[in-house]
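A.B. asks: This is the content of structure_5.cif (mmCIF, C-alpha atoms):
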```cif
data_my_file
#
loop_
_atom_site.label_atom_id
_atom_site.label_comp_id
_atom_site.auth_asym_id
_atom_site.auth_seq_id
_atom_site.Cartn_x
_atom_site.Cartn_y
_atom_site.Cartn_z
CA MET A 237 0.00 0.00 0.00
CA GLN A 238 2.84 2.40 0.80
CA ALA A 239 4.35 1.82 -2.65
CA MET A 240 1.21 2.89 -4.51
CA PRO A 241 1.44 6.66 -3.92
CA LYS A 242 5.06 6.50 -5.11
CA LEU A 243 4.02 4.67 -8.26
CA VAL A 244 1.39 7.31 -8.94
CA ARG A 245 3.87 10.14 -8.42
CA TRP A 246 6.48 8.51 -10.64
CA THR A 247 3.88 7.85 -13.33
CA VAL A 248 2.74 11.47 -13.31
CA ALA A 249 6.31 12.78 -13.31
CA THR A 250 7.23 10.55 -16.25
CA LEU A 251 4.14 11.65 -18.18
CA VAL A 252 5.11 15.29 -17.61
CA ILE A 253 8.60 14.60 -18.99
CA HIS A 254 7.21 12.74 -22.00
CA THR A 255 4.74 15.54 -22.68
CA ALA A 256 7.46 18.17 -22.45
CA VAL A 257 9.64 16.28 -24.94
CA VAL A 258 6.70 15.81 -27.32
CA ALA A 259 5.66 19.47 -27.07
CA ALA A 260 9.21 20.69 -27.69
CA THR A 261 9.80 18.40 -30.67
CA SER A 262 6.41 19.27 -32.17
CA SER A 263 6.95 23.02 -32.10
CA ALA A 264 7.51 25.16 -35.18
CA LEU A 265 10.70 26.51 -33.61
CA PHE A 266 12.18 23.03 -33.25
CA PHE A 267 11.43 22.17 -36.86
CA SER A 268 12.79 25.48 -38.05
CA LEU A 269 16.12 25.26 -36.19
CA SER A 270 16.83 21.57 -36.73
CA GLY A 271 15.49 21.71 -40.28
CA ARG A 272 18.11 24.28 -41.21
CA ALA A 273 20.85 21.95 -40.04
CA ALA A 274 19.32 19.06 -41.99
CA PHE A 275 19.12 21.25 -45.09
CA ARG A 276 22.81 22.10 -44.86
CA VAL A 277 23.74 18.41 -44.54
CA PHE A 278 21.30 16.73 -46.92
CA GLY A 279 20.06 19.58 -49.10
CA GLY A 280 16.48 19.18 -47.90
CA ASN A 281 14.32 18.05 -44.99
CA LEU A 282 10.73 17.35 -43.99
CA ARG A 283 8.69 20.17 -42.54
CA ARG A 284 6.43 20.03 -39.51
CA GLY A 285 3.38 19.64 -41.73
CA ASP A 286 4.94 16.65 -43.43
CA VAL A 287 5.56 14.88 -40.10
CA PHE A 288 1.95 15.48 -39.03
CA ASP A 289 0.65 14.58 -42.49
CA ASP A 290 -1.23 11.48 -41.29
CA VAL A 291 -3.19 13.55 -38.76
CA SER A 292 -4.31 16.17 -41.29
CA ARG A 293 -4.54 14.06 -44.44
CA HIS A 294 -6.04 10.85 -43.03
CA TYR A 295 -7.24 10.97 -39.41
CA LEU A 296 -9.16 14.25 -39.67
CA PRO A 297 -10.89 13.48 -43.00
CA TYR A 298 -11.88 10.02 -41.77
CA ALA A 299 -13.43 11.51 -38.64
CA GLU A 300 -15.15 14.27 -40.59
CA LYS A 301 -16.72 11.81 -43.01
CA MET A 302 -17.92 9.54 -40.22
CA VAL A 303 -19.25 12.18 -37.85
CA ARG A 304 -20.34 15.09 -40.02
CA GLY A 305 -20.92 13.33 -43.32
CA ARG A 306 -22.44 10.23 -41.69
CA GLU A 307 -20.62 8.10 -44.24
CA VAL A 308 -19.94 4.44 -43.55
CA PRO A 309 -16.20 3.71 -43.44
CA TYR A 310 -14.85 1.11 -45.87
CA ARG A 311 -18.16 1.08 -47.74
CA ASP A 312 -18.40 4.77 -48.63
CA PHE A 313 -14.71 5.66 -48.47
CA VAL A 314 -11.44 3.75 -48.38
CA VAL A 315 -9.79 3.34 -44.96
CA GLU A 316 -6.31 1.85 -44.64
CA TYR A 317 -6.62 1.09 -40.91
CA PRO A 318 -8.54 -1.66 -39.03
CA ILE A 319 -11.99 -0.97 -37.66
CA LEU A 320 -11.09 -0.25 -34.01
CA ALA A 321 -8.60 2.41 -35.09
CA LEU A 322 -11.55 4.60 -36.09
CA PRO A 323 -12.55 5.63 -32.52
CA ALA A 324 -9.08 7.13 -32.11
CA PHE A 325 -9.94 9.56 -34.90
CA ALA A 326 -13.62 10.14 -34.10
CA VAL A 327 -13.24 10.95 -30.38
CA PRO A 328 -10.90 13.97 -30.76
CA TYR A 329 -13.06 15.20 -33.65
CA LEU A 330 -16.13 15.21 -31.41
CA VAL A 331 -14.18 17.39 -28.97
CA ALA A 332 -12.43 19.63 -31.51
CA PRO A 333 -13.81 19.42 -35.08
CA ASP A 334 -11.89 22.50 -36.17
CA PRO A 335 -8.83 21.59 -38.36
CA GLY A 336 -6.64 23.85 -36.23
CA ARG A 337 -7.64 22.24 -32.92
CA PHE A 338 -8.08 18.62 -34.00
CA PRO A 339 -4.31 17.84 -33.91
CA VAL A 340 -4.17 19.17 -30.34
CA ALA A 341 -7.12 17.03 -29.23
CA PHE A 342 -5.57 14.02 -30.96
CA ALA A 343 -2.25 14.69 -29.22
CA VAL A 344 -3.99 14.83 -25.83
CA GLU A 345 -5.67 11.50 -26.58
CA MET A 346 -2.33 9.90 -27.45
CA MET A 347 -0.68 11.23 -24.30
CA LEU A 348 -3.51 9.70 -22.26
CA CYS A 349 -2.64 6.38 -23.91
CA ASP A 350 0.97 7.06 -22.97
CA ALA A 351 -0.12 7.62 -19.36
CA VAL A 352 -1.78 4.18 -19.35
CA LEU A 353 1.38 2.63 -20.78
CA ILE A 354 3.60 4.32 -18.18
CA ALA A 355 1.33 3.16 -15.35
CA LEU A 356 1.38 -0.43 -16.68
CA ILE A 357 5.18 -0.39 -16.92
CA ALA A 358 5.49 0.98 -13.37
CA ALA A 359 3.09 -1.60 -11.95
CA THR A 360 4.79 -4.47 -13.79
CA VAL A 361 8.32 -3.50 -12.72
CA ALA A 362 7.16 -3.04 -9.11
CA GLY A 363 5.46 -6.45 -9.16
CA ARG A 364 8.38 -8.30 -10.76
CA GLU A 365 11.37 -6.61 -9.13
CA GLY A 366 10.06 -4.29 -6.43
CA PRO A 367 9.31 -0.53 -6.44
CA ASP A 368 12.97 0.50 -6.15
CA ARG A 369 13.57 -0.38 -9.82
CA VAL A 370 10.67 1.65 -11.16
CA VAL A 371 12.36 5.06 -11.34
CA SER A 372 15.30 3.91 -13.45
CA ARG A 373 13.02 2.07 -15.90
CA LEU A 374 10.70 5.04 -16.31
CA ALA A 375 13.72 7.30 -16.78
CA TRP A 376 14.85 4.96 -19.55
CA THR A 377 11.49 5.34 -21.30
CA SER A 378 11.94 9.12 -21.19
CA LEU A 379 15.29 8.78 -22.95
CA CYS A 380 13.62 6.61 -25.59
CA VAL A 381 10.97 9.28 -26.09
CA LEU A 382 13.77 11.68 -27.08
CA GLY A 383 14.11 9.45 -30.13
CA PHE A 384 10.39 9.27 -30.89
CA GLY A 385 9.70 12.97 -30.35
CA SER A 386 6.67 14.29 -32.20
CA LEU A 387 5.92 10.83 -33.62
CA MET A 388 4.30 10.05 -30.27
CA VAL A 389 1.39 12.29 -31.28
CA ALA A 390 1.78 12.34 -35.07
CA ARG A 391 0.66 8.71 -35.32
CA TYR A 392 -1.83 6.61 -33.34
CA ASP A 393 0.53 3.77 -32.31
CA LEU A 394 0.40 4.53 -28.57
CA TYR A 395 -3.22 3.37 -28.56
CA PRO A 396 -2.60 -0.22 -29.76
CA ALA A 397 0.70 -0.32 -27.84
CA ALA A 398 -1.17 0.20 -24.56
CA LEU A 399 -3.68 -2.54 -25.43
CA ASN A 400 -0.85 -4.80 -26.53
CA PHE A 401 1.19 -4.53 -23.35
CA GLY A 402 -1.88 -4.59 -21.10
CA GLY A 403 -3.16 -7.77 -22.71
CA ALA A 404 0.22 -9.50 -22.46
CA MET A 405 0.56 -8.43 -18.82
CA LEU A 406 -2.86 -9.84 -17.90
CA TRP A 407 -2.18 -13.13 -19.68
CA SER A 408 1.13 -13.54 -17.86
CA ALA A 409 -0.48 -12.65 -14.52
CA GLY A 410 -2.86 -15.61 -14.67
CA ARG A 411 -5.81 -14.00 -16.49
CA PRO A 412 -5.33 -15.48 -19.97
CA PHE A 413 -8.90 -15.02 -21.23
CA ALA A 414 -9.00 -11.31 -20.35
CA GLY A 415 -5.48 -10.82 -21.68
CA GLY A 416 -6.25 -12.66 -24.88
CA ALA A 417 -9.46 -10.67 -25.39
CA ILE A 418 -7.53 -7.40 -25.07
CA LEU A 419 -4.88 -8.62 -27.52
CA GLY A 420 -7.69 -9.49 -29.94
CA LEU A 421 -9.10 -5.98 -29.60
CA GLY A 422 -5.62 -4.57 -30.14
CA ALA A 423 -5.25 -6.58 -33.35
CA LEU A 424 -8.35 -4.78 -34.65
CA VAL A 425 -6.58 -1.47 -34.02
CA LYS A 426 -3.27 -2.48 -35.60
CA ILE A 427 -2.25 -6.03 -36.40
CA PHE A 428 0.80 -6.36 -34.13
CA PRO A 429 -0.98 -7.22 -30.82
CA ALA A 430 -2.03 -10.54 -32.38
CA LEU A 431 1.67 -11.41 -32.68
CA VAL A 432 2.24 -11.17 -28.93
CA ALA A 433 -0.42 -13.82 -28.35
CA GLY A 434 1.82 -16.29 -30.20
CA PRO A 435 4.64 -16.61 -27.61
CA ALA A 436 2.12 -16.55 -24.77
CA PHE A 437 0.21 -19.43 -26.36
CA VAL A 438 3.14 -21.68 -27.31
CA ARG A 439 4.84 -21.18 -23.94
CA SER A 440 1.83 -22.46 -22.01
CA PHE A 441 0.44 -24.99 -24.53
CA PRO A 442 -1.33 -27.38 -23.92
CA THR A 443 -2.41 -26.07 -20.51
CA ARG A 444 -5.72 -24.45 -19.58
CA SER A 445 -4.00 -21.05 -19.78
CA ALA A 446 -3.22 -21.55 -23.47
CA VAL A 447 -6.79 -22.61 -24.25
CA LEU A 448 -8.37 -19.70 -22.38
CA GLY A 449 -5.97 -17.20 -23.92
CA ALA A 450 -6.67 -18.47 -27.42
CA LEU A 451 -10.42 -18.30 -26.74
CA GLY A 452 -10.03 -14.71 -25.55
CA VAL A 453 -8.17 -13.69 -28.70
CA ALA A 454 -10.63 -15.54 -30.93
CA SER A 455 -13.75 -14.11 -29.24
CA THR A 456 -12.91 -10.45 -29.74
CA THR A 457 -11.20 -10.94 -33.11
CA VAL A 458 -14.09 -12.88 -34.62
CA LEU A 459 -16.69 -10.43 -33.33
CA GLY A 460 -14.63 -7.50 -34.55
CA LEU A 461 -14.11 -9.03 -37.98
CA ALA A 462 -17.84 -9.74 -38.24
CA LEU A 463 -18.63 -6.10 -37.46
CA TRP A 464 -15.93 -4.96 -39.86
CA ALA A 465 -17.30 -7.18 -42.64
CA SER A 466 -20.88 -6.01 -42.04
CA LEU A 467 -19.77 -2.40 -42.46
CA ALA A 468 -17.24 -2.83 -45.21
CA GLY A 469 -18.61 -5.53 -47.51
CA ARG A 470 -16.07 -5.84 -50.34
CA GLY A 471 -14.29 -2.86 -48.84
CA LEU A 472 -12.80 -5.25 -46.29
CA ILE A 473 -10.91 -7.02 -49.07
CA ASP A 474 -9.75 -3.67 -50.43
CA SER A 475 -8.43 -2.73 -47.01
CA PHE A 476 -6.31 -5.90 -46.78
CA ALA A 477 -5.22 -5.56 -50.42
CA TYR A 478 -3.95 -2.06 -49.71
CA HIS A 479 -1.27 -3.45 -47.40
CA ALA A 480 -0.54 -6.53 -49.53
CA GLU A 481 0.28 -4.26 -52.48
CA ARG A 482 2.81 -2.18 -50.58
CA GLY A 483 6.43 -2.20 -51.69
CA PHE A 484 9.65 -1.75 -49.72
CA GLU A 485 9.22 1.36 -47.57
CA MET A 486 12.19 3.70 -47.32
CA GLY A 487 13.02 2.92 -43.68
CA SER A 488 13.02 -0.88 -44.01
CA VAL A 489 16.09 -3.06 -43.57
CA TYR A 490 15.77 -4.05 -47.22
CA SER A 491 15.74 -0.44 -48.43
CA GLY A 492 18.86 0.36 -46.42
CA VAL A 493 20.71 -2.57 -47.98
CA PHE A 494 19.44 -1.81 -51.49
CA GLY A 495 20.41 1.84 -51.06
CA ALA A 496 23.96 0.88 -50.09
CA ILE A 497 24.20 -1.52 -53.07
CA ALA A 498 22.92 1.14 -55.45
CA ARG A 499 25.32 3.74 -54.06
CA LEU A 500 28.36 1.48 -54.32
CA SER A 501 27.53 -0.08 -57.70
CA GLY A 502 25.94 2.84 -59.50
CA LEU A 503 22.64 1.01 -59.99
CA GLU A 504 19.54 3.17 -60.19
CA LEU A 505 17.21 3.21 -57.18
CA LYS A 506 14.05 5.31 -57.27
CA PHE A 507 11.59 6.18 -54.50
CA GLU A 508 8.01 7.26 -54.98
CA TYR A 509 5.29 8.36 -52.54
CA LEU A 510 2.82 5.46 -52.49
CA HIS A 511 0.56 4.02 -49.76
CA SER A 512 1.28 7.05 -47.55
CA SER A 513 5.04 6.42 -47.55
CA MET A 514 8.12 6.57 -49.74
CA GLU A 515 8.55 3.21 -51.49
CA ILE A 516 11.12 1.73 -53.84
CA THR A 517 9.76 1.59 -57.38
CA THR A 518 12.91 0.53 -59.28
CA PRO A 519 12.10 -2.85 -60.90
CA TRP A 520 15.27 -4.70 -59.81
CA ALA A 521 14.59 -3.98 -56.12
CA ALA A 522 10.79 -3.81 -56.18
CA GLY A 523 10.68 -7.28 -57.76
CA LEU A 524 12.15 -8.79 -54.61
CA VAL A 525 9.26 -7.69 -52.41
CA ARG A 526 7.53 -11.07 -52.82
CA PHE A 527 10.25 -12.65 -50.66
CA ALA A 528 9.58 -10.34 -47.71
CA MET A 529 6.56 -12.18 -46.36
CA PRO A 530 8.18 -15.68 -46.33
CA ILE A 531 11.23 -14.19 -44.59
CA GLN A 532 8.97 -12.51 -42.06
CA ALA A 533 7.03 -15.72 -41.44
CA ALA A 534 10.27 -17.64 -40.90
CA ALA A 535 11.50 -15.05 -38.39
CA LEU A 536 8.23 -15.20 -36.44
CA LEU A 537 8.35 -19.01 -36.36
CA LEU A 538 11.91 -18.83 -35.00
CA VAL A 539 10.72 -16.61 -32.15
CA LEU A 540 7.85 -18.98 -31.38
CA TRP A 541 10.25 -21.94 -31.31
CA ARG A 542 12.49 -20.12 -28.85
CA ALA A 543 9.50 -19.01 -26.77
CA ARG A 544 8.26 -22.60 -26.51
CA ARG A 545 11.39 -23.41 -24.53
CA SER A 546 11.14 -20.38 -22.22
CA GLY A 547 9.84 -19.96 -18.69
CA PRO A 548 6.78 -17.94 -17.68
CA GLU A 549 8.93 -15.12 -16.27
CA GLU A 550 10.37 -14.48 -19.75
CA TRP A 551 7.14 -13.19 -21.30
CA PRO A 552 8.50 -9.63 -21.78
CA ARG A 553 11.55 -10.97 -23.60
CA TYR A 554 9.58 -12.89 -26.20
CA GLY A 555 6.88 -10.25 -26.44
CA ALA A 556 9.62 -7.84 -27.51
CA ALA A 557 11.30 -10.46 -29.72
CA VAL A 558 8.20 -11.33 -31.74
CA LEU A 559 7.50 -7.64 -32.38
CA LEU A 560 11.10 -7.00 -33.40
CA ALA A 561 11.08 -10.00 -35.73
CA PHE A 562 7.98 -8.57 -37.42
CA ILE A 563 9.51 -5.08 -37.63
CA VAL A 564 13.00 -6.05 -38.81
CA THR A 565 11.86 -8.44 -41.55
CA GLY A 566 8.83 -6.43 -42.71
CA LYS A 567 8.72 -4.52 -45.97
CA VAL A 568 7.52 -1.46 -44.04
CA LEU A 569 9.50 -0.07 -41.10
CA SER A 570 7.97 3.22 -40.07
CA PRO A 571 9.90 4.97 -37.27
CA GLN A 572 6.98 4.91 -34.82
CA TYR A 573 7.00 1.10 -34.89
CA LEU A 574 9.73 1.25 -32.25
CA ILE A 575 7.06 2.31 -29.75
CA TRP A 576 5.64 -1.25 -29.84
CA PRO A 577 8.43 -3.22 -28.10
CA MET A 578 9.48 -0.45 -25.70
CA PRO A 579 7.26 -1.44 -22.71
CA PHE A 580 8.34 -5.09 -22.93
CA LEU A 581 12.00 -4.09 -22.88
CA ALA A 582 11.35 -1.70 -19.97
CA VAL A 583 10.22 -4.55 -17.71
CA MET A 584 12.82 -7.16 -18.69
CA GLU A 585 15.03 -8.40 -15.88
CA GLY A 586 18.63 -9.53 -15.68
CA GLN A 587 21.69 -8.98 -17.84
CA ILE A 588 19.85 -9.55 -21.12
CA GLY A 589 17.32 -6.91 -20.12
CA ARG A 590 20.06 -4.36 -19.39
CA ARG A 591 21.85 -5.15 -22.64
CA ALA A 592 18.63 -5.01 -24.65
CA ARG A 593 17.65 -1.63 -23.19
CA ALA A 594 21.06 -0.15 -24.04
CA ILE A 595 20.83 -1.32 -27.65
CA PHE A 596 17.22 -0.20 -28.01
CA LEU A 597 18.01 3.25 -26.66
CA ALA A 598 20.72 3.56 -29.32
CA CYS A 599 18.09 2.50 -31.90
CA CYS A 600 15.73 5.24 -30.72
CA LEU A 601 18.33 7.99 -30.74
CA THR A 602 19.55 6.94 -34.18
CA THR A 603 15.95 6.94 -35.40
CA ALA A 604 15.71 10.59 -34.36
CA LEU A 605 18.47 11.33 -36.88
CA VAL A 606 16.98 9.14 -39.60
CA PHE A 607 13.46 10.59 -39.39
CA PRO A 608 12.69 13.14 -40.50
CA TRP A 609 16.05 14.81 -41.06
CA ALA A 610 17.72 12.22 -43.29
CA GLN A 611 14.60 11.34 -45.30
CA TYR A 612 15.43 13.70 -48.14
CA GLY A 613 19.01 12.50 -48.17
CA MET A 614 17.83 8.89 -48.45
CA THR A 615 15.90 9.64 -51.65
CA ARG A 616 19.18 11.00 -53.08
CA LEU A 617 21.21 8.08 -51.68
CA HIS A 618 23.26 10.53 -49.62
CA PRO A 619 26.13 8.58 -47.98
CA LEU A 620 25.44 9.89 -44.46
CA ALA A 621 21.71 9.13 -44.75
CA LEU A 622 22.52 5.58 -45.82
CA VAL A 623 24.99 5.16 -42.94
CA LEU A 624 22.44 6.40 -40.40
CA LEU A 625 19.63 4.21 -41.71
CA ASN A 626 21.76 1.07 -41.91
CA ALA A 627 23.24 1.76 -38.46
CA ARG A 628 19.74 2.00 -36.96
CA ASN A 629 18.57 -1.11 -38.77
CA GLY A 630 21.74 -2.99 -37.83
CA LEU A 631 21.12 -2.15 -34.17
CA LEU A 632 17.57 -3.53 -34.47
CA VAL A 633 18.90 -6.76 -35.95
CA LEU A 634 21.50 -6.97 -33.16
CA LEU A 635 18.77 -6.45 -30.57
CA LEU A 636 16.72 -9.30 -32.03
CA ILE A 637 19.78 -11.57 -31.92
CA VAL A 638 20.36 -10.66 -28.26
CA LEU A 639 16.75 -11.43 -27.37
CA LEU A 640 16.89 -14.79 -29.12
CA GLY A 641 20.24 -15.74 -27.62
CA PRO A 642 20.85 -18.12 -24.71
CA ALA A 643 18.88 -17.24 -21.60
CA ARG A 644 20.67 -16.53 -18.33
CA PRO A 645 18.86 -17.41 -15.11
CA ILE A 646 17.35 -14.46 -13.25
CA ARG A 647 18.59 -14.38 -9.68
CA ASN A 648 15.95 -14.30 -6.96
CA PRO A 649 13.00 -13.50 -9.22
CA HIS A 650 10.12 -11.69 -7.58
CA PRO A 651 7.25 -14.08 -6.73
CA ALA A 652 4.88 -12.16 -9.00
CA SER A 653 6.96 -13.13 -12.02
CA ALA A 654 6.32 -16.84 -11.51
CA SER A 655 2.65 -16.76 -12.52
CA SER A 656 1.73 -17.83 -16.03
#
```
Kindly transcribe the structure held in the file into structure tokens.
C.D. replies:
Amino acid sequence: MQAMPKLVRWTVATLVIHTAVVAATSSALFFSLSGRAAFRVFGGNLRRGDVFDDVSRHYLPYAEKMVRGREVPYRDFVVEYPILALPAFAVPYLVAPDPGRFPVAFAVEMMLCDAVLIALIAATVAGREGPDRVVSRLAWTSLCVLGFGSLMVARYDLYPAALNFGGAMLWSAGRPFAGGAILGLGALVKIFPALVAGPAFVRSFPTRSAVLGALGVASTTVLGLALWASLAGRGLIDSFAYHAERGFEMGSVYSGVFGAIARLSGLELKFEYLHSSMEITTPWAAGLVRFAMPIQAAALLLVLWRARRSGPEEWPRYGAAVLLAFIVTGKVLSPQYLIWPMPFLAVMEGQIGRRARAIFLACCLTTALVFPWAQYGMTRLHPLALVLLNARNGLLVLLLIVLLGPARPIRNPHPASASS
């Protein structure tokens, strides 16, 4: 009981720090000053409006059509996001329908999701290792946020990330049905929460926990898909096809490698703005995109095989690993994707946890240099832009290798970590 007020104070203090970082890195002054430096190095940079493009070009119009136009999403207009992402756009619109105030309302909504995530991290660390470890872990998240910056509120990923971590935490704490149901809901916001159910299931299979967790995931996913299909009709197929048709996005591991090859060999490599991102359109590289999904599937299966041999206290490790496998081998690697594994890494124990957090922090800080300042340089195959992108992606690959490496026993684990 005495630890609870401390957890609340630390959560609030961390939220204040996160909010300050986000506000500073979202300001026109920040973009003006840092953009000048990026222009001198790369000959061009993204402006503030470009970073917040998804909010103004997608989120606001979706909300306006649903609320004011009373149009049915997917049926009356194309939506690239799953059905439970839509409330994240509609709620801030109901509060602030004006185009000038909508981004502020959306940012507040995302920071509330961040508050939930911080509180879950604090509670998990306190339960697994004791309250004395909470401050250092929350401080680490604040350093990571320096790398995310304005992306915390320029995209909606904090919303599914909170559902994702909350569902995994409940499953590991002995409430598999509730945890699985939340992961199923999260998958209807953005697909990645469904991935975290995989290690949780294989680790406990064929016990009652595995069955209940799978039932929880299936119950909410099936109901959500039924609602989605009833609204969308054939538009549901179009929504899935949108993502299947995507090429290699500029920030992906593949694009970094192809960029280096093109720079060193003199081969042509072109980027074009498609599917709300810069994608490779040069035939020799774009033709390889069909191999991305099998590679990704193989990486996910490797994580599941390793998770099958793990103990119940290692759920954060394999939650982070399965997300990283998906991110590293995917044809799209948007910078905000790094928000997904952060809470799992924050609560990892032992030497592997410390090593993983150090590598991930380096990934975040490097990402701050890659996006948005080196984006223009990447389209021109600028050597420094290629070095930064490949360094960030190499760190992500290294982190995945560390997480999948041999496990070291955790000394004197907290009793709360032994539940499955």
A.B. asks: For Gly422 (chain A), which residue among A:Gly410, A:Pro530, A:Pro435, A:Gly403 is the nearest when counting all atoms listed in the file?
C.D. replies: A:Gly403
A.B. asks: Run the PyMOL selection byres ((chain A and resi 250) around 9) on the file and write out the hits as an MDAnalysis selection string.
C.D. replies: chainID A and resid 245:249 251:255 351 354 371 374:375 377:378
A.B. asks: Taking C-alpha atoms for each residue, export the selection above as a PDB file, in the coordinates of the input.
C.D. replies:
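The resulting file, part_4.pdb, is reproduced below:
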```pdb
ATOM      1  CA  ARG A 245       3.870  10.140  -8.420  1.00  0.00           C
ATOM      2  CA  TRP A 246       6.480   8.510 -10.640  1.00  0.00           C
ATOM      3  CA  THR A 247       3.880   7.850 -13.330  1.00  0.00           C
ATOM      4  CA  VAL A 248       2.740  11.470 -13.310  1.00  0.00           C
ATOM      5  CA  ALA A 249       6.310  12.780 -13.310  1.00  0.00           C
ATOM      6  CA  LEU A 251       4.140  11.650 -18.180  1.00  0.00           C
ATOM      7  CA  VAL A 252       5.110  15.290 -17.610  1.00  0.00           C
ATOM      8  CA  ILE A 253       8.600  14.600 -18.990  1.00  0.00           C
ATOM      9  CA  HIS A 254       7.210  12.740 -22.000  1.00  0.00           C
ATOM     10  CA  THR A 255       4.740  15.540 -22.680  1.00  0.00           C
ATOM     11  CA  ALA A 351      -0.120   7.620 -19.360  1.00  0.00           C
ATOM     12  CA  ILE A 354       3.600   4.320 -18.180  1.00  0.00           C
ATOM     13  CA  VAL A 371      12.360   5.060 -11.340  1.00  0.00           C
ATOM     14  CA  LEU A 374      10.700   5.040 -16.310  1.00  0.00           C
ATOM     15  CA  ALA A 375      13.720   7.300 -16.780  1.00  0.00           C
ATOM     16  CA  THR A 377      11.490   5.340 -21.300  1.00  0.00           C
ATOM     17  CA  SER A 378      11.940   9.120 -21.190  1.00  0.00           C
TER      18      SER A 378
END
```
A.B. asks: List, as a ChimeraX atom specification, every residue that the PyMOL selection byres ((chain A and resi 557) around 10) selects in the file provided.
C.D. replies: /A:432,435,535-536,538-540,542-543,551-556,558-563,577,580-581,635-640
A.B. asks: Give me, as a PyMOL selection string, all polymer residues having an atom no more than 10 Å from Val606 (chain A), counting only C-alpha atoms and skipping those fewer than 2 positions away in the same chain.
C.D. replies: chain A and resi 383+487+571+600-604+608-614+620-628
A.B. asks: For the selection you just gave me, I'd like the residues written to a file as a PDB file, in the coordinates of the input, keeping C-alpha atoms.
C.D. replies:
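So part04.pdb came out as:
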```pdb
ATOM      1  CA  GLY A 383      14.110   9.450 -30.130  1.00  0.00           C
ATOM      2  CA  GLY A 487      13.020   2.920 -43.680  1.00  0.00           C
ATOM      3  CA  PRO A 571       9.900   4.970 -37.270  1.00  0.00           C
ATOM      4  CA  CYS A 600      15.730   5.240 -30.720  1.00  0.00           C
ATOM      5  CA  LEU A 601      18.330   7.990 -30.740  1.00  0.00           C
ATOM      6  CA  THR A 602      19.550   6.940 -34.180  1.00  0.00           C
ATOM      7  CA  THR A 603      15.950   6.940 -35.400  1.00  0.00           C
ATOM      8  CA  ALA A 604      15.710  10.590 -34.360  1.00  0.00           C
ATOM      9  CA  PRO A 608      12.690  13.140 -40.500  1.00  0.00           C
ATOM     10  CA  TRP A 609      16.050  14.810 -41.060  1.00  0.00           C
ATOM     11  CA  ALA A 610      17.720  12.220 -43.290  1.00  0.00           C
ATOM     12  CA  GLN A 611      14.600  11.340 -45.300  1.00  0.00           C
ATOM     13  CA  TYR A 612      15.430  13.700 -48.140  1.00  0.00           C
ATOM     14  CA  GLY A 613      19.010  12.500 -48.170  1.00  0.00           C
ATOM     15  CA  MET A 614      17.830   8.890 -48.450  1.00  0.00           C
ATOM     16  CA  LEU A 620      25.440   9.890 -44.460  1.00  0.00           C
ATOM     17  CA  ALA A 621      21.710   9.130 -44.750  1.00  0.00           C
ATOM     18  CA  LEU A 622      22.520   5.580 -45.820  1.00  0.00           C
ATOM     19  CA  VAL A 623      24.990   5.160 -42.940  1.00  0.00           C
ATOM     20  CA  LEU A 624      22.440   6.400 -40.400  1.00  0.00           C
ATOM     21  CA  LEU A 625      19.630   4.210 -41.710  1.00  0.00           C
ATOM     22  CA  ASN A 626      21.760   1.070 -41.910  1.00  0.00           C
ATOM     23  CA  ALA A 627      23.240   1.760 -38.460  1.00  0.00           C
ATOM     24  CA  ARG A 628      19.740   2.000 -36.960  1.00  0.00           C
TER      25      ARG A 628
END
```
A.B. asks: Decode the PyMOL selection byres ((chain A and resi 262-269) around 10) for the given file into explicit residues and return them as a PyMOL selection string.
C.D. replies: chain A and resi 256-261+270-274+281-285+287-288+385-390+608-609
A.B. asks: Rank nothing, just name the residue among A:Ile588, A:Ala324, A:Val277, A:Ala468 nearest to Tyr298 (chain A), using all atoms listed in the file.
C.D. replies: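 Residue with the minimum atom-to-atom distance to Tyr298 (chain A): A:Ala324.
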A.B. asks: List as an MDAnalysis selection string the protein and nucleic acid residues near His294 (chain A), meaning an atom at most 12 Å away when all atoms listed in the file are counted, but skip any in the same chain fewer than 3 places from it.
C.D. replies: chainID A and resid 288:291 297:301 313:317 321:322 324:326 339 390:392 511:512
A.B. asks: What does the distance between CA of Tyr490 (chain A) and CA of Ala398 (chain A) come to in Å, to one decimal place?
C.D. replies: 28.6 Å
A.B. asks: So which one's closest to Arg373 (chain A), A:Val568, A:Val344, A:Ala359, A:Val633? Using only C-alpha atoms, please.
C.D. replies: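 That would be A:Ala359, the residue with the smallest distance to Arg373 (chain A).
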A.B. asks: Using Å and a single decimal, report how far CA of Gly641 (chain A) sits from CA of Ser372 (chain A).
C.D. replies: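 Between CA of Ser372 (chain A) and CA of Gly641 (chain A) the gap is 24.7 Å.
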A.B. asks: So that I can check the surroundings of Trp407 (chain A), please list as a list in words every protein, DNA and RNA residue that reaches within 9 Å of it, counting all atoms listed in the file and ignoring chain neighbours fewer than 4 positions away.
C.D. replies: Gly402, Gly403, Arg411, Pro412, Phe413, Ala414, Gly415, Gly416, Ala433, Ala436, Ser445, Gly449 and Ser656 of chain A
A.B. asks: Set the distance at 12 Å and use only C-alpha atoms: which residues neighbour Phe527 (chain A) once local chain neighbours fewer than 3 positions away are removed? I'd like the list as an MDAnalysis selection string.
C.D. replies: chainID A and resid 483:484 490 521:524 530:534 565:567
A.B. asks: Find the residues around Gly460 (chain A) up to 12 Å (only C-alpha atoms counted), leave out those fewer than 6 positions away in its own chain, and share them as a VMD selection string.
C.D. replies: chain A and resid 318 to 321 417 to 418 420 to 425 453 to 454 466 to 468
